[in-house]
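These notes are about the structure you will find just below.
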Amino acid sequence: MVTQAQARFARKHKGQVLTGEYPLLLQDTYSILTGHLVLFPRTFAMGTSRRSYCTCTVSRSAYDEDLEPSPPEFVPNAHDARRSANEDWKYLIKPLSDGEVHVRARGKELFLAAGYHGMRVNFSLEATVLVTTRADFDALTAEDCPGPNTNKSKANNMRRFVIPPQYQEEGSRDKARDIGVFAAIVCEDTAIMVVDFARLVQLHIISLDRHWVGGDLQRDSMLWATLWGLGRGYDWIDETEDALTALDGWRTTVLADSDQEPLVHALCENQQIFNGFGKHTAHDLLHLVAVWPGIPSAVLCHDDSLYFCLKKELVVYAALWVSQEYRYSVCSASQSPNPLRFNYQSDRAYINRYVKVYRKWYVDVPKALHDHLVNQGLLNVDHIIAGQPYTPQPNEFLAPHRRFARLPVHVHKIKKSSLYSVIMAQRPSEWRWALPEDIRHAGFVTTLGPAQFHNTNQNMQVVDGPHPRGRRPRYHCL
């Protein structure tokens, strides 16, 4: 799922995390946080005979192992040692020195640095960052076990960590649980863990001949281009002007090529231009722009009005994820001491306020957007998109006292794609619509939002099971 919200870890923890040239800070004392990198190769994914896969890559041309000699008495974990034999990351399987912790988010990626080593995290489908106390980190990584792979050899090589009973909430499903911890920045009292149930997370370690400093994570740094993955463009929050310039260049290319690719696909797949967008955010953005998600890119780019509406909404929509409202309603932390407790408040706020049409049955459309859809004939099943001008009837508009209209969300099946929209106007002959599965009925399956990842979903209460007495603990914003 992932989520864009997870990639914004640095921004979500204002007061606790400062991005850019600032080091990671502790909220209570505002002292500089220092820590070191720890890798857990025993949890890394393995490829198959048909498809290779590498969880971790490294760049160490400037690093000398003599900078951090391994203590003579140090013995690495046997599983980590076995998985690291002949691997490029082998030099990291030893105690590493502490250094100031620095963090930067860009698009769907996060960069964490401590001491000599910086780590780029690509969250892929379901990875997340879990911030815990040092005691919780030690408990959660104390015991490992074979993974669930049906191949016993692979299960032994792709291990997980056993979740102790104290992290299982009363009333949740009663079964043995485990967690995939791939790496962590470990500090004296805090740990920042990279966790992934699906094993699709990708890590890239950059090791220097000196400690990382905040300036290394700035755009004018000589290291900037090496921090991020290939094919990743400007960030729509921190590099807005450059992103807008790149968007204009994309428009020129699309018009020259008469690109018929559905716009929603371009938003999801062209990370050079739409860095950070995925299926959820792409569909919701186009809902706010009031265009059908399958509109060919060239058609939108040819229409000045639609293009400039998209251009404007891209900036507004990106800013939503760093707004104070989002921070307080979604990025709250439970007062429960259990870091794996499911955050009901965050989940409810995210799904209800920040997911518009993607995998939803209905959406509350504000009056202005509703009346714009009416003016364009997009809610009339007899109208043809981009056809003759539409003349709406007075009764199609909302009454002046109405603030919103609740509209059904239709899913349009085109080949293997599912496109979500409230638009009902006619389009090409392959259009058909039906009600999709509503995201709010997904149960224990991970969906969208900061509260949603496998190990916290396990602590959702079972409807027909025993429930703890009293109300749920309050939540506070970090």
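Order determines the names: the first chain of the structure tokens is A, the second B, and so forth; residues in each chain are numbered 1 upward, and ligands are numbered 1 upward as they are shown.
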
Original post:
Got a sec: who's within 9 Å of A:Asp64, counting only C-alpha atoms, leaving out chain neighbours fewer than 5 positions off, as a PyMOL selection string?
Top reply: chain A and resi 207-209

**OP:** Compile the contact shell of A:Asp248 as an MDAnalysis selection string: residues with an atom at most 12 Å away, counting only C-alpha atoms, same-chain residues fewer than 3 positions apart removed.
**Re:** chainID A and resid 241:245 251:255 273 301 304 307:308 310:311

Selection export as a tab-separated table (two decimals), in the first residue's frame, atoms kept: all heavy atoms:
chain	number	residue	atom	x	y	z
A	241	GLU	N	8.49	24.23	-8.05
A	241	GLU	CA	8.73	24.99	-9.29
A	241	GLU	C	9.41	24.13	-10.34
A	241	GLU	O	9.06	24.18	-11.53
A	241	GLU	CB	9.56	26.24	-8.98
A	241	GLU	CG	8.82	27.29	-8.15
A	241	GLU	CD	7.52	27.73	-8.81
A	241	GLU	OE1	7.52	27.92	-10.06
A	241	GLU	OE2	6.51	27.87	-8.10
A	242	ASP	N	10.40	23.34	-9.93
A	242	ASP	CA	11.07	22.45	-10.88
A	242	ASP	C	10.12	21.38	-11.39
A	242	ASP	O	10.17	20.99	-12.56
A	242	ASP	CB	12.28	21.80	-10.22
A	242	ASP	CG	13.42	22.78	-10.00
A	242	ASP	OD1	13.57	23.69	-10.82
A	242	ASP	OD2	14.14	22.63	-9.00
A	243	ALA	N	9.23	20.90	-10.51
A	243	ALA	CA	8.25	19.89	-10.92
A	243	ALA	C	7.29	20.46	-11.95
A	243	ALA	O	6.92	19.77	-12.92
A	243	ALA	CB	7.49	19.37	-9.70
A	244	LEU	N	6.89	21.71	-11.77
A	244	LEU	CA	5.98	22.35	-12.73
A	244	LEU	C	6.66	22.55	-14.08
A	244	LEU	O	6.04	22.37	-15.13
A	244	LEU	CB	5.51	23.69	-12.17
A	244	LEU	CG	4.51	23.60	-11.00
A	244	LEU	CD1	4.31	24.98	-10.38
A	244	LEU	CD2	3.18	23.01	-11.45
A	245	THR	N	7.92	22.92	-14.05
A	245	THR	CA	8.67	23.07	-15.30
A	245	THR	C	8.78	21.74	-16.04
A	245	THR	O	8.60	21.67	-17.26
A	245	THR	CB	10.08	23.63	-15.02
A	245	THR	OG1	9.96	24.91	-14.37
A	245	THR	CG2	10.87	23.79	-16.31
A	251	ARG	N	4.20	17.82	-21.18
A	251	ARG	CA	3.06	18.17	-22.04
A	251	ARG	C	3.51	18.32	-23.49
A	251	ARG	O	2.85	17.82	-24.42
A	251	ARG	CB	2.42	19.47	-21.56
A	251	ARG	CG	1.18	19.86	-22.37
A	251	ARG	CD	0.76	21.29	-22.08
A	251	ARG	NE	-0.55	21.59	-22.65
A	251	ARG	CZ	-1.07	22.80	-22.75
A	251	ARG	NH1	-0.37	23.86	-22.32
A	251	ARG	NH2	-2.28	22.98	-23.28
A	252	THR	N	4.62	18.98	-23.69
A	252	THR	CA	5.14	19.17	-25.04
A	252	THR	C	5.42	17.82	-25.71
A	252	THR	O	5.08	17.60	-26.88
A	252	THR	CB	6.43	20.01	-25.00
A	252	THR	OG1	6.14	21.29	-24.42
A	252	THR	CG2	6.99	20.21	-26.40
A	253	THR	N	6.02	16.91	-24.96
A	253	THR	CA	6.34	15.59	-25.50
A	253	THR	C	5.07	14.81	-25.83
A	253	THR	O	4.97	14.16	-26.87
A	253	THR	CB	7.19	14.80	-24.50
A	253	THR	OG1	8.40	15.52	-24.23
A	253	THR	CG2	7.54	13.43	-25.04
A	254	VAL	N	4.09	14.87	-24.93
A	254	VAL	CA	2.84	14.15	-25.13
A	254	VAL	C	2.13	14.64	-26.39
A	254	VAL	O	1.63	13.85	-27.20
A	254	VAL	CB	1.92	14.32	-23.90
A	254	VAL	CG1	0.50	13.84	-24.21
A	254	VAL	CG2	2.48	13.52	-22.72
A	255	LEU	N	2.09	15.95	-26.58
A	255	LEU	CA	1.43	16.52	-27.76
A	255	LEU	C	2.17	16.15	-29.04
A	255	LEU	O	1.55	15.88	-30.08
A	255	LEU	CB	1.31	18.03	-27.62
A	255	LEU	CG	0.33	18.51	-26.53
A	255	LEU	CD1	0.39	20.03	-26.39
A	255	LEU	CD2	-1.09	18.06	-26.85
A	273	ILE	N	8.10	12.42	-13.77
A	273	ILE	CA	7.27	13.63	-13.76
A	273	ILE	C	6.36	13.66	-12.53
A	273	ILE	O	6.25	14.69	-11.86
A	273	ILE	CB	6.42	13.72	-15.04
A	273	ILE	CG1	7.32	13.67	-16.28
A	273	ILE	CG2	5.58	15.00	-15.03
A	273	ILE	CD1	8.33	14.80	-16.36
A	301	CYS	N	-3.80	17.24	-22.48
A	301	CYS	CA	-2.75	18.22	-22.75
A	301	CYS	C	-3.14	19.19	-23.87
A	301	CYS	O	-2.65	20.31	-23.92
A	301	CYS	CB	-1.45	17.50	-23.11
A	301	CYS	SG	-0.67	16.65	-21.71
A	304	ASP	N	-6.27	23.49	-23.02
A	304	ASP	CA	-5.58	24.40	-22.09
A	304	ASP	C	-6.27	24.47	-20.74
A	304	ASP	O	-5.61	24.48	-19.70
A	304	ASP	CB	-5.52	25.81	-22.69
A	304	ASP	CG	-4.53	25.91	-23.84
A	304	ASP	OD1	-3.66	25.01	-23.95
A	304	ASP	OD2	-4.61	26.88	-24.62
A	307	TYR	N	-5.62	21.21	-18.79
A	307	TYR	CA	-4.21	21.09	-18.41
A	307	TYR	C	-3.87	22.02	-17.26
A	307	TYR	O	-3.21	21.62	-16.29
A	307	TYR	CB	-3.30	21.38	-19.61
A	307	TYR	CG	-1.84	21.40	-19.22
A	307	TYR	CD1	-1.16	20.22	-18.93
A	307	TYR	CD2	-1.15	22.61	-19.09
A	307	TYR	CE1	0.17	20.24	-18.54
A	307	TYR	CE2	0.18	22.64	-18.71
A	307	TYR	CZ	0.84	21.45	-18.43
A	307	TYR	OH	2.15	21.48	-18.04
A	308	PHE	N	-4.31	23.26	-17.32
A	308	PHE	CA	-3.97	24.20	-16.25
A	308	PHE	C	-4.72	23.88	-14.96
A	308	PHE	O	-4.24	24.18	-13.87
A	308	PHE	CB	-4.23	25.63	-16.71
A	308	PHE	CG	-3.20	26.13	-17.69
A	308	PHE	CD1	-3.54	26.38	-19.01
A	308	PHE	CD2	-1.88	26.31	-17.31
A	308	PHE	CE1	-2.59	26.80	-19.93
A	308	PHE	CE2	-0.92	26.73	-18.21
A	308	PHE	CZ	-1.28	26.98	-19.53
A	310	LEU	N	-5.28	20.74	-14.04
A	310	LEU	CA	-4.44	19.67	-13.51
A	310	LEU	C	-3.18	20.25	-12.87
A	310	LEU	O	-2.78	19.85	-11.76
A	310	LEU	CB	-4.05	18.70	-14.63
A	310	LEU	CG	-3.00	17.64	-14.27
A	310	LEU	CD1	-3.58	16.65	-13.25
A	310	LEU	CD2	-2.51	16.90	-15.51
A	311	LYS	N	-2.57	21.20	-13.54
A	311	LYS	CA	-1.33	21.81	-13.05
A	311	LYS	C	-1.54	22.47	-11.69
A	311	LYS	O	-0.74	22.32	-10.76
A	311	LYS	CB	-0.85	22.82	-14.08
A	311	LYS	CG	0.57	23.33	-13.87
A	311	LYS	CD	0.97	24.21	-15.05
A	311	LYS	CE	2.40	24.69	-14.91
A	311	LYS	NZ	2.81	25.53	-16.06

Original post:
Using only C-alpha atoms, which residues sit within 9 Å of A:Gly294 once same-chain residues fewer than 2 positions away are excluded, as an NGL selection string?
Top reply: :A and (261-265 or 291-292 or 296-297 or 412 or 414 or 419)

Excluding stretch 53-61 of chain A and its own-chain neighbours fewer than 2 positions away, which residues fall within 7 Å of it when counting only C-alpha atoms? Please give them as a compact mmCIF listing (two decimals) with N, CA, C and O atoms, in the first residue's frame.
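Here's the written file around.txt:
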# COMPACT_ATOMS: atom_id res chain seq x y z
N PHE A 44 16.10 -10.79 4.38
CA PHE A 44 16.09 -10.32 3.00
C PHE A 44 15.41 -11.32 2.07
O PHE A 44 15.47 -12.54 2.29
N ALA A 45 14.79 -10.80 1.02
CA ALA A 45 14.14 -11.65 0.03
C ALA A 45 15.17 -12.39 -0.81
O ALA A 45 16.33 -11.97 -0.93
N MET A 46 14.75 -13.48 -1.40
CA MET A 46 15.57 -14.24 -2.33
C MET A 46 14.85 -14.32 -3.66
O MET A 46 13.62 -14.42 -3.71
N GLY A 47 15.59 -14.29 -4.73
CA GLY A 47 15.00 -14.41 -6.05
C GLY A 47 14.65 -15.85 -6.36
O GLY A 47 14.81 -16.76 -5.54
N ARG A 51 13.35 -15.27 -11.79
CA ARG A 51 13.45 -13.83 -11.54
C ARG A 51 14.38 -13.57 -10.37
O ARG A 51 14.17 -14.06 -9.28
N TYR A 63 34.54 4.33 1.10
CA TYR A 63 34.58 3.80 2.47
C TYR A 63 35.71 2.81 2.64
O TYR A 63 35.97 1.97 1.77
N ASP A 88 27.69 -7.94 -1.36
CA ASP A 88 28.33 -6.63 -1.28
C ASP A 88 28.13 -5.96 0.07
O ASP A 88 28.92 -5.12 0.47
N TRP A 89 27.06 -6.31 0.78
CA TRP A 89 26.79 -5.65 2.05
C TRP A 89 27.51 -6.33 3.23
O TRP A 89 27.32 -5.95 4.38
N VAL A 201 10.46 -4.44 0.02
CA VAL A 201 11.22 -3.22 0.28
C VAL A 201 12.60 -3.33 -0.38
O VAL A 201 13.16 -4.42 -0.50
N GLN A 202 13.12 -2.20 -0.82
CA GLN A 202 14.46 -2.17 -1.41
C GLN A 202 15.30 -1.12 -0.68
O GLN A 202 14.87 0.02 -0.48
N LEU A 203 16.49 -1.53 -0.30
CA LEU A 203 17.42 -0.67 0.42
C LEU A 203 18.67 -0.44 -0.42
O LEU A 203 19.14 -1.33 -1.11
N HIS A 204 19.18 0.78 -0.34
CA HIS A 204 20.48 1.07 -0.97
C HIS A 204 21.32 1.82 0.05
O HIS A 204 20.91 2.88 0.55
N ILE A 205 22.49 1.28 0.36
CA ILE A 205 23.37 1.86 1.37
C ILE A 205 24.51 2.60 0.69
O ILE A 205 25.17 2.05 -0.21
N ILE A 206 24.74 3.84 1.11
CA ILE A 206 25.87 4.62 0.62
C ILE A 206 26.80 4.87 1.80
O ILE A 206 26.42 5.50 2.79
N SER A 207 28.01 4.33 1.72
CA SER A 207 29.00 4.46 2.79
C SER A 207 30.08 5.45 2.40
O SER A 207 30.62 5.38 1.29
N LEU A 208 30.37 6.40 3.28
CA LEU A 208 31.36 7.45 3.02
C LEU A 208 32.61 7.23 3.86
O LEU A 208 32.65 6.38 4.76

Original post:
Which neighbours of stretch 143-150 of chain A fall inside 7 Å, counting only C-alpha atoms, when residues of the same chain fewer than 5 positions from it are skipped, and could you give them as a list in words?
Top reply: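 Near stretch 143-150 of chain A, the qualifying residues are Ala155, Asn156, Met158, Arg159, Arg160, Phe161 and Val162 of chain A.
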
Export, as a PDB file, in the first residue's frame, the selected residues with all heavy atoms.
ATOM      1  N   ALA A 155      12.521 -20.970   3.477  1.00  0.00           N
ATOM      2  CA  ALA A 155      11.933 -20.491   4.720  1.00  0.00           C
ATOM      3  C   ALA A 155      13.015 -20.271   5.775  1.00  0.00           C
ATOM      4  O   ALA A 155      12.966 -19.302   6.548  1.00  0.00           O
ATOM      5  CB  ALA A 155      10.890 -21.472   5.233  1.00  0.00           C
ATOM      6  N   ASN A 156      14.005 -21.138   5.805  1.00  0.00           N
ATOM      7  CA  ASN A 156      15.086 -21.003   6.769  1.00  0.00           C
ATOM      8  C   ASN A 156      15.993 -19.829   6.435  1.00  0.00           C
ATOM      9  O   ASN A 156      16.584 -19.217   7.334  1.00  0.00           O
ATOM     10  CB  ASN A 156      15.898 -22.298   6.818  1.00  0.00           C
ATOM     11  CG  ASN A 156      16.887 -22.307   7.961  1.00  0.00           C
ATOM     12  OD1 ASN A 156      16.526 -22.042   9.112  1.00  0.00           O
ATOM     13  ND2 ASN A 156      18.140 -22.611   7.665  1.00  0.00           N
ATOM     14  N   MET A 158      14.962 -17.054   4.597  1.00  0.00           N
ATOM     15  CA  MET A 158      14.194 -15.808   4.653  1.00  0.00           C
ATOM     16  C   MET A 158      13.379 -15.811   5.950  1.00  0.00           C
ATOM     17  O   MET A 158      12.222 -16.198   5.982  1.00  0.00           O
ATOM     18  CB  MET A 158      13.278 -15.678   3.426  1.00  0.00           C
ATOM     19  CG  MET A 158      14.019 -15.521   2.131  1.00  0.00           C
ATOM     20  SD  MET A 158      12.927 -15.112   0.732  1.00  0.00           S
ATOM     21  CE  MET A 158      11.999 -16.635   0.567  1.00  0.00           C
ATOM     22  N   ARG A 159      14.001 -15.376   7.011  1.00  0.00           N
ATOM     23  CA  ARG A 159      13.442 -15.511   8.337  1.00  0.00           C
ATOM     24  C   ARG A 159      12.623 -14.278   8.739  1.00  0.00           C
ATOM     25  O   ARG A 159      12.666 -13.244   8.071  1.00  0.00           O
ATOM     26  CB  ARG A 159      14.561 -15.766   9.360  1.00  0.00           C
ATOM     27  CG  ARG A 159      15.418 -16.975   8.967  1.00  0.00           C
ATOM     28  CD  ARG A 159      16.527 -17.229   9.950  1.00  0.00           C
ATOM     29  NE  ARG A 159      16.053 -17.779  11.224  1.00  0.00           N
ATOM     30  CZ  ARG A 159      15.763 -19.058  11.411  1.00  0.00           C
ATOM     31  NH1 ARG A 159      15.872 -19.925  10.405  1.00  0.00           N
ATOM     32  NH2 ARG A 159      15.363 -19.480  12.590  1.00  0.00           N
ATOM     33  N   ARG A 160      11.911 -14.404   9.817  1.00  0.00           N
ATOM     34  CA  ARG A 160      11.184 -13.297  10.430  1.00  0.00           C
ATOM     35  C   ARG A 160      11.501 -13.287  11.919  1.00  0.00           C
ATOM     36  O   ARG A 160      12.082 -14.249  12.452  1.00  0.00           O
ATOM     37  CB  ARG A 160       9.676 -13.451  10.224  1.00  0.00           C
ATOM     38  CG  ARG A 160       9.214 -13.419   8.771  1.00  0.00           C
ATOM     39  CD  ARG A 160       7.696 -13.463   8.717  1.00  0.00           C
ATOM     40  NE  ARG A 160       7.168 -13.606   7.378  1.00  0.00           N
ATOM     41  CZ  ARG A 160       6.975 -12.604   6.527  1.00  0.00           C
ATOM     42  NH1 ARG A 160       7.283 -11.379   6.889  1.00  0.00           N
ATOM     43  NH2 ARG A 160       6.474 -12.823   5.335  1.00  0.00           N
ATOM     44  N   PHE A 161      11.076 -12.207  12.586  1.00  0.00           N
ATOM     45  CA  PHE A 161      11.261 -12.118  14.025  1.00  0.00           C
ATOM     46  C   PHE A 161       9.945 -12.445  14.732  1.00  0.00           C
ATOM     47  O   PHE A 161       8.868 -12.020  14.301  1.00  0.00           O
ATOM     48  CB  PHE A 161      11.742 -10.725  14.421  1.00  0.00           C
ATOM     49  CG  PHE A 161      13.155 -10.444  14.001  1.00  0.00           C
ATOM     50  CD1 PHE A 161      13.423  -9.696  12.866  1.00  0.00           C
ATOM     51  CD2 PHE A 161      14.225 -10.955  14.723  1.00  0.00           C
ATOM     52  CE1 PHE A 161      14.721  -9.437  12.469  1.00  0.00           C
ATOM     53  CE2 PHE A 161      15.536 -10.705  14.336  1.00  0.00           C
ATOM     54  CZ  PHE A 161      15.782  -9.953  13.202  1.00  0.00           C
ATOM     55  N   VAL A 162      10.049 -13.180  15.817  1.00  0.00           N
ATOM     56  CA  VAL A 162       8.877 -13.561  16.598  1.00  0.00           C
ATOM     57  C   VAL A 162       8.389 -12.368  17.408  1.00  0.00           C
ATOM     58  O   VAL A 162       9.170 -11.714  18.109  1.00  0.00           O
ATOM     59  CB  VAL A 162       9.215 -14.734  17.540  1.00  0.00           C
ATOM     60  CG1 VAL A 162       8.010 -15.075  18.417  1.00  0.00           C
ATOM     61  CG2 VAL A 162       9.672 -15.952  16.740  1.00  0.00           C
TER      62      VAL A 162
END

Original post:
Given the choices A:Ser258, A:Ser221, A:Ser84, A:Gln166, which gets closest to A:Ser336 if the distance is worked out from only C-alpha atoms?
Top reply: A:Gln166

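Closest to A:Glu169 among A:Gly231, A:Pro339, A:Gly35, A:Gly377 is A:Pro339, based on only C-alpha atoms.
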
**OP:** Looking only at strand (DSSP E) from DSSP on the backbone, list the matching residues of stretch 217-399 of chain A as a ChimeraX atom specification.
**Re:** /A:332-334,362-366

**OP:** Might you pull out every residue within 9 Å of A:Ala176, with only C-alpha atoms counted and same-chain residues fewer than 3 positions away left off, and present them as a list in words?
**Re:** Val162, Ile163, Pro164 and Pro165 of chain A

Keeping only C-alpha atoms, write the selected residues to a file as a short mmCIF file (atom, residue, chain, number, x, y, z; two decimals), in the first residue's frame.
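Here's the written file again-v9.cif:
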data_model
loop_
_atom_site.label_atom_id
_atom_site.label_comp_id
_atom_site.auth_asym_id
_atom_site.auth_seq_id
_atom_site.Cartn_x
_atom_site.Cartn_y
_atom_site.Cartn_z
CA VAL A 162 8.88 -13.56 16.60
CA ILE A 163 6.50 -10.98 18.08
CA PRO A 164 6.38 -11.49 21.87
CA PRO A 165 2.94 -11.98 23.50
#
